[in-house]
$ cat coords.cif   # mmCIF, C-alpha atoms
data_my_file
loop_
_atom_site.label_atom_id
_atom_site.label_comp_id
_atom_site.auth_asym_id
_atom_site.auth_seq_id
_atom_site.Cartn_x
_atom_site.Cartn_y
_atom_site.Cartn_z
CA MET A 65 -21.66 -96.65 6.44
CA ILE A 66 -19.37 -94.64 8.71
CA VAL A 67 -20.29 -92.73 11.86
CA VAL A 68 -17.92 -90.20 13.42
CA LEU A 69 -18.26 -88.59 16.84
CA ALA A 70 -15.81 -85.69 17.19
CA ARG A 71 -15.75 -84.48 20.80
CA LEU A 72 -14.31 -81.14 21.90
CA ALA A 73 -14.30 -78.62 24.74
CA ILE A 74 -14.88 -74.91 24.05
CA HIS A 75 -13.50 -71.90 25.88
CA PRO A 76 -16.59 -70.64 27.76
CA THR A 77 -16.15 -67.03 26.66
CA LEU A 78 -16.09 -68.04 22.98
CA THR A 79 -19.24 -70.20 22.94
CA GLN A 80 -21.37 -68.07 20.64
CA GLN A 81 -18.59 -67.63 18.08
CA PHE A 82 -18.14 -71.38 18.16
CA LEU A 83 -21.87 -72.02 17.70
CA ASP A 84 -21.97 -69.58 14.77
CA THR A 85 -19.03 -71.26 13.02
CA ALA A 86 -20.18 -74.77 13.88
CA GLY A 87 -23.61 -73.98 12.49
CA GLN A 88 -22.08 -73.03 9.15
CA LEU A 89 -20.06 -76.26 9.10
CA VAL A 90 -23.16 -78.32 9.86
CA LEU A 91 -25.18 -76.70 7.06
CA ALA A 92 -22.37 -76.96 4.49
CA SER A 93 -21.47 -80.55 5.37
CA ARG A 94 -25.06 -81.72 4.99
CA GLN A 95 -24.85 -80.70 1.32
CA GLU A 96 -22.03 -83.17 0.62
CA PRO A 97 -23.26 -86.03 -1.59
CA GLY A 98 -21.95 -88.77 0.71
CA CYS A 99 -23.07 -87.15 3.97
CA LEU A 100 -26.08 -88.91 5.51
CA GLY A 101 -26.22 -86.76 8.64
CA TYR A 102 -24.27 -84.03 10.40
CA GLU A 103 -25.25 -82.40 13.68
CA LEU A 104 -23.79 -80.57 16.64
CA LEU A 105 -24.64 -81.97 20.05
CA SER A 106 -23.91 -80.81 23.59
CA GLU A 107 -22.35 -82.89 26.36
CA GLY A 108 -22.83 -80.07 28.87
CA GLU A 109 -20.22 -78.01 30.78
CA GLY A 110 -18.74 -76.48 27.66
CA ARG A 111 -18.28 -79.81 25.87
CA TYR A 112 -19.73 -80.42 22.42
CA ALA A 113 -19.57 -83.12 19.75
CA PHE A 114 -20.19 -83.31 16.02
CA LEU A 115 -22.12 -86.49 15.15
CA GLU A 116 -21.49 -87.26 11.49
CA ARG A 117 -22.72 -90.06 9.23
CA TYR A 118 -21.32 -90.97 5.81
CA ARG A 119 -22.33 -93.42 3.09
CA ASP A 120 -18.87 -95.04 3.07
CA PRO A 121 -15.22 -94.47 4.12
CA GLU A 122 -14.53 -92.54 0.91
CA ALA A 123 -17.28 -90.02 1.71
CA ALA A 124 -15.86 -89.60 5.24
CA GLN A 125 -12.43 -88.86 3.76
CA ALA A 126 -13.89 -86.53 1.13
CA HIS A 127 -15.44 -84.44 3.91
CA ARG A 128 -12.06 -83.68 5.41
CA LYS A 129 -10.85 -82.40 2.01
CA THR A 130 -13.71 -79.95 1.46
CA ASP A 131 -13.07 -76.21 1.51
CA HIS A 132 -15.74 -75.67 4.17
CA PHE A 133 -14.19 -78.25 6.49
CA ARG A 134 -10.73 -76.78 6.08
CA THR A 135 -11.79 -73.14 6.33
CA LEU A 136 -14.32 -73.47 9.14
CA GLY A 137 -12.18 -76.02 10.97
CA ARG A 138 -9.29 -73.54 11.00
CA ALA A 139 -11.65 -70.74 12.10
CA MET A 140 -12.84 -72.89 15.03
CA GLY A 141 -9.30 -73.59 16.23
CA PRO A 142 -9.07 -70.65 18.68
CA PHE A 143 -12.41 -71.59 20.29
CA ILE A 144 -11.33 -75.13 21.12
CA ASP A 145 -9.89 -75.91 24.56
CA GLY A 146 -7.61 -78.93 24.40
CA PRO A 147 -7.43 -81.85 22.01
CA LEU A 148 -10.30 -83.28 19.95
CA GLN A 149 -11.34 -86.88 20.52
CA VAL A 150 -12.50 -88.51 17.28
CA ILE A 151 -14.37 -91.82 17.54
CA GLN A 152 -14.92 -93.56 14.18
CA LEU A 153 -17.43 -96.39 13.90
CA SER A 154 -18.74 -98.49 11.05
CA GLY A 155 -22.10 -100.04 10.43
CA ILE A 156 -22.64 -103.76 11.00
CA ASP A 157 -24.61 -105.94 8.60
CA GLU A 158 -28.00 -106.08 10.37
CA ARG A 159 -28.56 -109.72 9.34
CA ALA A 160 -25.32 -110.80 11.02
CA GLU A 161 -26.35 -108.71 14.00
CA ALA A 162 -29.70 -110.51 14.32
CA GLY A 163 -28.01 -113.89 13.95
CA ALA A 164 -29.84 -114.53 10.65
CA MET B 280 -33.57 -85.01 21.86
CA ILE B 281 -30.99 -87.28 23.52
CA VAL B 282 -28.22 -89.27 21.87
CA VAL B 283 -26.36 -92.01 23.72
CA LEU B 284 -23.18 -93.76 22.60
CA ALA B 285 -22.53 -96.81 24.78
CA ARG B 286 -19.05 -98.18 24.04
CA LEU B 287 -17.89 -101.66 25.05
CA ALA B 288 -15.26 -104.32 24.34
CA ILE B 289 -16.28 -107.95 23.73
CA HIS B 290 -14.38 -111.12 24.57
CA PRO B 291 -13.25 -112.27 21.10
CA THR B 292 -14.45 -115.86 21.56
CA LEU B 293 -17.98 -114.68 22.44
CA THR B 294 -18.53 -112.34 19.49
CA GLN B 295 -21.35 -114.22 17.77
CA GLN B 296 -23.29 -114.71 21.02
CA PHE B 297 -22.90 -110.99 21.62
CA LEU B 298 -24.07 -110.12 18.10
CA ASP B 299 -27.10 -112.40 18.48
CA THR B 300 -28.11 -110.83 21.81
CA ALA B 301 -27.29 -107.29 20.68
CA GLY B 302 -29.41 -107.81 17.57
CA GLN B 303 -32.41 -108.69 19.73
CA LEU B 304 -31.85 -105.59 21.87
CA VAL B 305 -31.63 -103.37 18.78
CA LEU B 306 -34.86 -104.73 17.30
CA ALA B 307 -36.80 -104.53 20.59
CA SER B 308 -35.53 -101.03 21.46
CA ARG B 309 -36.57 -99.64 18.11
CA GLN B 310 -40.16 -100.49 19.02
CA GLU B 311 -40.13 -98.17 22.03
CA PRO B 312 -42.36 -95.12 21.44
CA GLY B 313 -39.69 -92.59 22.39
CA CYS B 314 -36.84 -94.28 20.52
CA LEU B 315 -35.84 -92.43 17.35
CA GLY B 316 -32.94 -94.71 16.46
CA TYR B 317 -30.99 -97.64 17.87
CA GLU B 318 -28.08 -99.35 16.15
CA LEU B 319 -24.99 -101.41 16.86
CA LEU B 320 -21.75 -100.13 15.38
CA SER B 321 -18.23 -101.50 15.30
CA GLU B 322 -15.08 -99.65 16.35
CA GLY B 323 -12.90 -102.56 15.21
CA GLU B 324 -10.60 -104.87 17.26
CA GLY B 325 -13.45 -106.33 19.28
CA ARG B 326 -14.91 -102.95 20.27
CA TYR B 327 -18.53 -102.09 19.61
CA ALA B 328 -20.94 -99.27 20.45
CA PHE B 329 -24.69 -98.86 20.65
CA LEU B 330 -25.75 -95.54 19.10
CA GLU B 331 -29.15 -94.63 20.50
CA ARG B 332 -31.47 -91.65 19.91
CA TYR B 333 -34.46 -90.67 22.04
CA ARG B 334 -37.17 -88.05 21.73
CA ASP B 335 -36.37 -86.64 25.19
CA PRO B 336 -34.63 -87.47 28.51
CA GLU B 337 -37.75 -89.28 29.76
CA ALA B 338 -37.68 -91.67 26.78
CA ALA B 339 -33.98 -92.34 27.40
CA GLN B 340 -34.75 -93.22 31.03
CA ALA B 341 -37.77 -95.33 30.04
CA HIS B 342 -35.48 -97.45 27.84
CA ARG B 343 -33.37 -98.48 30.81
CA LYS B 344 -36.51 -99.67 32.63
CA THR B 345 -37.79 -101.91 29.84
CA ASP B 346 -37.83 -105.68 30.27
CA HIS B 347 -35.82 -106.19 27.09
CA PHE B 348 -33.08 -103.81 28.23
CA ARG B 349 -32.85 -105.47 31.64
CA THR B 350 -33.05 -109.05 30.37
CA LEU B 351 -30.80 -108.71 27.33
CA GLY B 352 -28.45 -106.38 29.16
CA ARG B 353 -27.96 -109.02 31.83
CA ALA B 354 -27.53 -111.72 29.19
CA MET B 355 -24.77 -109.65 27.51
CA GLY B 356 -22.84 -109.22 30.74
CA PRO B 357 -20.58 -112.28 30.32
CA PHE B 358 -19.65 -111.22 26.78
CA ILE B 359 -18.38 -107.80 27.83
CA ASP B 360 -14.69 -107.27 28.56
CA GLY B 361 -14.21 -104.39 30.95
CA PRO B 362 -16.32 -101.37 31.78
CA LEU B 363 -18.82 -99.67 29.47
CA GLN B 364 -18.27 -96.04 28.51
CA VAL B 365 -21.58 -94.19 28.13
CA ILE B 366 -21.51 -90.80 26.41
CA GLN B 367 -24.81 -88.88 26.65
CA LEU B 368 -25.43 -85.89 24.39
CA SER B 369 -28.35 -83.58 23.82
CA GLY B 370 -29.56 -81.81 20.74
CA ILE B 371 -28.88 -78.10 20.27
CA ASP B 372 -31.51 -75.72 18.94
CA GLU B 373 -30.48 -75.48 15.27
CA ARG B 374 -31.37 -71.78 15.09
CA ALA B 375 -29.00 -70.96 17.95
CA GLU B 376 -26.44 -73.15 16.25
CA ALA B 377 -26.71 -71.21 12.99
CA GLY B 378 -26.49 -67.91 14.87
CA ALA B 379 -30.06 -67.01 13.82
#
$ encode --input "coords.cif" --output "structure tokens"
Amino acid sequence: MIVVLARLAIHPTLTQQFLDTAGQLVLASRQEPGCLGYELLSEGEGRYAFLERYRDPEAAQAHRKTDHFRTLGRAMGPFIDGPLQVIQLSGIDERAEAGA
Amino acid sequence: MIVVLARLAIHPTLTQQFLDTAGQLVLASRQEPGCLGYELLSEGEGRYAFLERYRDPEAAQAHRKTDHFRTLGRAMGPFIDGPLQVIQLSGIDERAEAGA
């Protein structure tokens, strides 16, 4: 299982256009077979983050090759203020975690 | 709804003790009434993160006042290498997100 947190800042005057486009990306991404969760979250002060969850690394890669990711990602470009920060995490075997 | 990503590095020689203690914190936290999700994830190279989800800000605060958080948090202290980074995010009304 793979979790991705993609953090970004948005130009304040373009917030609603961003939310409209982001909403489309959220809805389309959730339809992907390997996508276990996809949501937009706010960090406040014009900062947002996509929290994404995939069945495996292959599903995470497949997401980045979808038409909706490419098209909507490009459309969002002008709204974004500065670089993205992408944090990728992987699940840990719960038994190992609990010292079983 | 509140999401927290608490990122930390672990001294490599203390990994299993960390995983044992972290596993107890995960299991205990999931029992909290306002906790919607609590998991330990790996970022690789000795870096881990707790991904936590709460019903509301009050539930997120209540977590930090629980005995298990205080006790196990203190127990984990010696395993942690450097400062924690805590990213707190809040849910966005999905209708606003989809431009409804």
$ closest_residue --input "coords.cif" --among "A:Gln95, A:Ser154, A:Thr77, A:Thr135" --to "chain B" --atoms "only C-alpha atoms"
A:Ser154
$ interface_residues --input "coords.cif" --of "chain B" --to "chain A" --cutoff "10 Å" --atoms "only C-alpha atoms" --output "number ranges by chain"
B: 280-282, 284, 295-306, 318-323, 326-328, 330, 366-379
$ atom_distance --input "coords.cif" --atom1 "CA of Ala92 (chain A)" --atom2 "CA of Gly137 (chain A)"
12.1 Å
$ resolve_selection --input "coords.cif" --expression "the PyMOL selection byres ((chain B and resi 362) around 9)" --output "PyMOL selection string"
chain B and resi 286-288+359-361+363-364
$ write_last_selection --input "coords.cif" --atoms "C-alpha atoms" --output "PDB file, in the coordinates of the input"
ATOM      1  CA  ARG B 286     -19.050 -98.180  24.040  1.00  0.00           C
ATOM      2  CA  LEU B 287     -17.890-101.660  25.050  1.00  0.00           C
ATOM      3  CA  ALA B 288     -15.260-104.320  24.340  1.00  0.00           C
ATOM      4  CA  ILE B 359     -18.380-107.800  27.830  1.00  0.00           C
ATOM      5  CA  ASP B 360     -14.690-107.270  28.560  1.00  0.00           C
ATOM      6  CA  GLY B 361     -14.210-104.390  30.950  1.00  0.00           C
ATOM      7  CA  LEU B 363     -18.820 -99.670  29.470  1.00  0.00           C
ATOM      8  CA  GLN B 364     -18.270 -96.040  28.510  1.00  0.00           C
TER       9      GLN B 364
END
$ atom_distance --input "coords.cif" --atom1 "CA of Tyr102 (chain A)" --atom2 "CA of Tyr118 (chain A)"
8.8 Å
$ closest_residue --input "coords.cif" --among "B:Leu293, B:Gly325, B:Leu315, B:Pro336" --to "Met355 (chain B)" --atoms "all atoms listed in the file"
B:Leu293
$ atom_distance --input "coords.cif" --atom1 "CA of Arg134 (chain A)" --atom2 "CA of Pro76 (chain A)"
23.3 Å
$ closest_residue --input "coords.cif" --among "A:His75, A:Arg117, A:Arg128, A:Arg138" --to "Gly101 (chain A)" --atoms "all atoms listed in the file"
A:Arg117
$ resolve_selection --input "coords.cif" --expression "the PyMOL selection byres ((chain B and resi 313) around 7)" --output "PyMOL selection string"
chain B and resi 311-312+314-315+333-334+338
$ closest_residue --input "coords.cif" --among "A:Leu136, A:Gly141, A:Ile74, A:Ser93" --to "Ala124 (chain A)" --atoms "only C-alpha atoms"
A:Ser93
